[in-house]
file structure-v5.txt (compact mmCIF, N, CA and C atoms)
# COMPACT_ATOMS: atom_id res chain seq x y z
N MET A 1297 0.82 -1.19 0.00
CA MET A 1297 0.00 0.00 0.00
C MET A 1297 0.87 1.25 0.00
N ALA A 1298 2.00 1.21 0.66
CA ALA A 1298 2.88 2.36 0.72
C ALA A 1298 3.41 2.74 -0.65
N LEU A 1299 3.70 1.75 -1.48
CA LEU A 1299 4.18 2.04 -2.83
C LEU A 1299 3.13 2.76 -3.65
N ALA A 1300 1.90 2.37 -3.52
CA ALA A 1300 0.82 3.01 -4.28
C ALA A 1300 0.65 4.46 -3.84
N LEU A 1301 0.76 4.73 -2.55
CA LEU A 1301 0.63 6.10 -2.07
C LEU A 1301 1.81 6.96 -2.52
N THR A 1302 2.99 6.40 -2.56
CA THR A 1302 4.16 7.14 -2.99
C THR A 1302 4.03 7.53 -4.46
N ALA A 1303 3.58 6.63 -5.28
CA ALA A 1303 3.44 6.89 -6.70
C ALA A 1303 2.38 7.95 -6.96
N CYS A 1304 1.33 7.98 -6.19
CA CYS A 1304 0.24 8.93 -6.40
C CYS A 1304 0.54 10.30 -5.80
N SER A 1305 1.50 10.39 -4.92
CA SER A 1305 1.77 11.66 -4.26
C SER A 1305 2.70 12.56 -5.08
N ASN A 1306 3.10 12.15 -6.28
CA ASN A 1306 3.96 12.96 -7.13
C ASN A 1306 3.15 14.14 -7.66
N THR A 1307 3.59 15.37 -7.37
CA THR A 1307 2.85 16.56 -7.79
C THR A 1307 3.59 17.40 -8.81
N SER A 1308 4.66 16.86 -9.37
CA SER A 1308 5.39 17.65 -10.37
C SER A 1308 4.55 17.78 -11.64
N ALA A 1309 4.79 18.86 -12.35
CA ALA A 1309 4.02 19.12 -13.58
C ALA A 1309 4.33 18.06 -14.64
N PRO A 1310 3.32 17.62 -15.35
CA PRO A 1310 3.57 16.63 -16.40
C PRO A 1310 4.37 17.26 -17.54
N SER A 1311 5.12 16.43 -18.22
CA SER A 1311 5.89 16.95 -19.35
C SER A 1311 4.93 17.33 -20.48
N VAL A 1312 5.29 18.35 -21.25
CA VAL A 1312 4.44 18.83 -22.32
C VAL A 1312 4.81 18.11 -23.61
N ILE A 1313 3.83 17.55 -24.27
CA ILE A 1313 4.05 16.87 -25.54
C ILE A 1313 3.45 17.74 -26.64
N LYS A 1314 4.27 18.11 -27.59
CA LYS A 1314 3.79 18.93 -28.69
C LYS A 1314 3.67 18.06 -29.94
N THR A 1315 2.56 18.21 -30.62
CA THR A 1315 2.35 17.49 -31.86
C THR A 1315 2.69 18.42 -33.02
N VAL A 1316 3.55 17.96 -33.89
CA VAL A 1316 3.96 18.76 -35.03
C VAL A 1316 3.39 18.12 -36.28
N GLU A 1317 2.65 18.90 -37.06
CA GLU A 1317 2.10 18.38 -38.31
C GLU A 1317 3.16 18.43 -39.40
N VAL A 1318 3.28 17.36 -40.12
CA VAL A 1318 4.21 17.30 -41.24
C VAL A 1318 3.41 17.60 -42.50
N PRO A 1319 3.79 18.63 -43.25
CA PRO A 1319 3.02 18.95 -44.45
C PRO A 1319 3.12 17.82 -45.47
N THR A 1320 2.02 17.55 -46.11
CA THR A 1320 1.99 16.53 -47.15
C THR A 1320 1.48 17.11 -48.45
N MET A 1321 1.97 16.58 -49.54
CA MET A 1321 1.55 17.03 -50.86
C MET A 1321 0.15 16.48 -51.13
N PRO A 1322 -0.77 17.31 -51.60
CA PRO A 1322 -2.11 16.79 -51.89
C PRO A 1322 -2.06 15.85 -53.10
N THR A 1323 -3.04 15.00 -53.17
CA THR A 1323 -3.14 14.06 -54.28
C THR A 1323 -3.48 14.82 -55.56
N PRO A 1324 -2.76 14.56 -56.64
CA PRO A 1324 -3.07 15.27 -57.89
C PRO A 1324 -4.40 14.80 -58.48
N PRO A 1325 -5.02 15.64 -59.29
CA PRO A 1325 -6.26 15.24 -59.96
C PRO A 1325 -6.02 14.01 -60.83
N GLY A 1326 -7.00 13.15 -60.91
CA GLY A 1326 -6.88 11.92 -61.68
C GLY A 1326 -6.58 12.16 -63.15
N ALA A 1327 -7.09 13.25 -63.71
CA ALA A 1327 -6.87 13.52 -65.13
C ALA A 1327 -5.39 13.73 -65.44
N LEU A 1328 -4.62 14.17 -64.46
CA LEU A 1328 -3.20 14.40 -64.69
C LEU A 1328 -2.40 13.10 -64.68
N LEU A 1329 -3.00 12.03 -64.19
CA LEU A 1329 -2.29 10.77 -64.08
C LEU A 1329 -2.46 9.87 -65.30
N VAL A 1330 -3.31 10.29 -66.24
CA VAL A 1330 -3.56 9.49 -67.44
C VAL A 1330 -2.75 10.08 -68.59
N ALA A 1331 -1.81 9.31 -69.09
CA ALA A 1331 -0.96 9.78 -70.19
C ALA A 1331 -1.73 9.68 -71.51
N PRO A 1332 -1.55 10.68 -72.39
CA PRO A 1332 -2.18 10.60 -73.70
C PRO A 1332 -1.63 9.40 -74.48
N VAL A 1333 -2.46 8.86 -75.36
CA VAL A 1333 -2.05 7.70 -76.16
C VAL A 1333 -1.25 8.19 -77.36
N ARG A 1334 -0.02 7.67 -77.47
CA ARG A 1334 0.85 8.04 -78.58
C ARG A 1334 0.43 7.28 -79.83
N PRO A 1335 0.28 7.98 -80.96
CA PRO A 1335 -0.12 7.27 -82.18
C PRO A 1335 0.98 6.34 -82.66
N ALA A 1336 0.57 5.22 -83.21
CA ALA A 1336 1.52 4.25 -83.73
C ALA A 1336 2.19 4.80 -84.99
N ALA A 1337 3.39 4.33 -85.23
CA ALA A 1337 4.12 4.75 -86.44
C ALA A 1337 3.35 4.28 -87.67
N PRO A 1338 3.42 5.04 -88.75
CA PRO A 1338 2.69 4.64 -89.95
C PRO A 1338 3.24 3.34 -90.54
N ALA A 1339 2.32 2.54 -91.06
CA ALA A 1339 2.73 1.26 -91.66
C ALA A 1339 3.26 1.46 -93.07
N ALA A 1340 2.75 2.44 -93.76
CA ALA A 1340 3.18 2.69 -95.14
C ALA A 1340 3.92 4.02 -95.20
N GLY A 1341 4.69 4.19 -96.25
CA GLY A 1341 5.48 5.41 -96.37
C GLY A 1341 4.95 6.36 -97.43
N ASP A 1342 3.70 6.16 -97.86
CA ASP A 1342 3.17 7.08 -98.87
C ASP A 1342 2.82 8.42 -98.24
N THR A 1343 2.71 9.42 -99.05
CA THR A 1343 2.52 10.81 -98.59
C THR A 1343 1.28 10.97 -97.73
N LYS A 1344 0.17 10.40 -98.17
CA LYS A 1344 -1.09 10.56 -97.43
C LYS A 1344 -0.97 9.97 -96.02
N THR A 1345 -0.41 8.79 -95.89
CA THR A 1345 -0.27 8.13 -94.59
C THR A 1345 0.66 8.93 -93.67
N ILE A 1346 1.75 9.41 -94.21
CA ILE A 1346 2.70 10.19 -93.40
C ILE A 1346 2.06 11.50 -92.94
N LEU A 1347 1.31 12.17 -93.80
CA LEU A 1347 0.64 13.42 -93.41
C LEU A 1347 -0.43 13.17 -92.34
N GLU A 1348 -1.17 12.08 -92.48
CA GLU A 1348 -2.18 11.74 -91.47
C GLU A 1348 -1.51 11.46 -90.12
N HIS A 1349 -0.38 10.74 -90.17
CA HIS A 1349 0.35 10.46 -88.93
C HIS A 1349 0.90 11.75 -88.32
N ALA A 1350 1.38 12.64 -89.17
CA ALA A 1350 1.90 13.92 -88.67
C ALA A 1350 0.79 14.71 -87.97
N ALA A 1351 -0.41 14.69 -88.53
CA ALA A 1351 -1.54 15.39 -87.89
C ALA A 1351 -1.90 14.72 -86.56
N ASP A 1352 -1.96 13.39 -86.53
CA ASP A 1352 -2.26 12.67 -85.29
C ASP A 1352 -1.19 12.93 -84.23
N PHE A 1353 0.07 12.95 -84.68
CA PHE A 1353 1.17 13.18 -83.75
C PHE A 1353 1.12 14.61 -83.20
N GLY A 1354 0.71 15.56 -84.05
CA GLY A 1354 0.55 16.94 -83.58
C GLY A 1354 -0.50 17.05 -82.49
N VAL A 1355 -1.60 16.31 -82.64
CA VAL A 1355 -2.64 16.29 -81.61
C VAL A 1355 -2.08 15.70 -80.31
N TYR A 1356 -1.32 14.63 -80.44
CA TYR A 1356 -0.69 13.97 -79.29
C TYR A 1356 0.23 14.95 -78.55
N VAL A 1357 1.07 15.65 -79.28
CA VAL A 1357 2.00 16.60 -78.66
C VAL A 1357 1.22 17.73 -77.98
N GLY A 1358 0.14 18.17 -78.60
CA GLY A 1358 -0.71 19.20 -77.99
C GLY A 1358 -1.29 18.73 -76.67
N GLU A 1359 -1.72 17.46 -76.61
CA GLU A 1359 -2.24 16.89 -75.37
C GLU A 1359 -1.16 16.83 -74.29
N LEU A 1360 0.06 16.46 -74.70
CA LEU A 1360 1.17 16.43 -73.74
C LEU A 1360 1.46 17.83 -73.20
N GLU A 1361 1.44 18.82 -74.08
CA GLU A 1361 1.70 20.20 -73.64
C GLU A 1361 0.61 20.67 -72.67
N ASN A 1362 -0.64 20.34 -72.97
CA ASN A 1362 -1.73 20.73 -72.07
C ASN A 1362 -1.60 20.05 -70.72
N GLN A 1363 -1.22 18.77 -70.73
CA GLN A 1363 -1.05 18.05 -69.47
C GLN A 1363 0.13 18.62 -68.67
N ASN A 1364 1.20 18.95 -69.38
CA ASN A 1364 2.36 19.54 -68.71
C ASN A 1364 1.98 20.87 -68.06
N LYS A 1365 1.23 21.67 -68.78
CA LYS A 1365 0.78 22.97 -68.24
C LYS A 1365 -0.11 22.76 -67.01
N ALA A 1366 -1.00 21.76 -67.09
CA ALA A 1366 -1.88 21.47 -65.96
C ALA A 1366 -1.08 20.99 -64.74
N TRP A 1367 -0.04 20.17 -64.96
CA TRP A 1367 0.82 19.73 -63.85
C TRP A 1367 1.50 20.93 -63.19
N ARG A 1368 2.05 21.83 -64.03
CA ARG A 1368 2.73 22.99 -63.47
C ARG A 1368 1.76 23.88 -62.70
N SER A 1369 0.55 24.03 -63.21
CA SER A 1369 -0.46 24.83 -62.54
C SER A 1369 -0.84 24.20 -61.20
N TRP A 1370 -1.01 22.89 -61.19
CA TRP A 1370 -1.36 22.18 -59.95
C TRP A 1370 -0.23 22.29 -58.93
N ALA A 1371 1.00 22.11 -59.38
CA ALA A 1371 2.16 22.12 -58.47
C ALA A 1371 2.38 23.49 -57.84
N THR A 1372 2.03 24.54 -58.56
CA THR A 1372 2.26 25.89 -58.04
C THR A 1372 0.99 26.49 -57.43
N GLY A 1373 -0.07 25.71 -57.35
CA GLY A 1373 -1.31 26.22 -56.79
C GLY A 1373 -2.02 27.20 -57.70
N GLY A 1374 -1.75 27.12 -58.99
CA GLY A 1374 -2.40 28.00 -59.96
C GLY A 1374 -1.62 29.27 -60.26
N ALA A 1375 -0.47 29.47 -59.59
CA ALA A 1375 0.35 30.66 -59.86
C ALA A 1375 1.05 30.50 -61.20
N LYS A 1376 1.20 31.60 -61.89
CA LYS A 1376 1.87 31.55 -63.20
C LYS A 1376 3.34 31.78 -63.06

call {"tool": "encode", "arguments": {"input": "structure-v5.txt", "output": "structure tokens"}}
result
Amino acid sequence: MALALTACSNTSAPSVIKTVEVPTMPTPPGALLVAPVRPAAPAAGDTKTILEHAADFGVYVGELENQNKAWRSWATGGAK
């Protein structure tokens, strides 16, 4: 019984525990995680096929540029 009374009679102030929040990066929007589909290389080397592939590839590059711009906007919180 004496041990229990001794342990309970301690009146010193308890130590202070501080909780520190660690900043975390927010999850990016799902649309930024989907890569554009790259067009396949043309099967034939005639002018019409190459021009069609060039147009498709231009669309692909435009999608990549838009996604890159969206990533930069997201990463900076919309700041330019």

call {"tool": "atom_distance", "arguments": {"input": "structure-v5.txt", "atom1": "atom N of A:Pro1332", "atom2": "atom N of A:Ala1351"}}
result
16.7 Å

call {"tool": "residues_around", "arguments": {"input": "structure-v5.txt", "residues": "A:Pro1335", "least_positions_apart": "2", "cutoff": "6.5 Å", "atoms": "only N, CA and C atoms", "output": "ChimeraX atom specification"}}
result
/A:1333,1337,1352-1353,1356

call {"tool": "atom_distance", "arguments": {"input": "structure-v5.txt", "atom1": "atom CA of A:Lys1365", "atom2": "atom CA of A:Leu1328"}}
result
10.1 Å

call {"tool": "select_by_dssp", "arguments": {"input": "structure-v5.txt", "residues": "chain A", "states": "helix (DSSP H, G or I)", "output": "VMD selection string"}}
result
chain A and resid 1298 to 1304 1326 to 1329 1343 to 1371

call {"tool": "closest_residue", "arguments": {"input": "structure-v5.txt", "among": "A:Ser1369, A:Thr1315, A:Thr1343, A:Asn1362", "to": "A:Ala1331", "atoms": "only C-alpha atoms"}}
result
A:Asn1362

call {"tool": "atom_distance", "arguments": {"input": "structure-v5.txt", "atom1": "atom CA of A:Gly1374", "atom2": "atom C of A:Pro1325"}}
result
14.5 Å
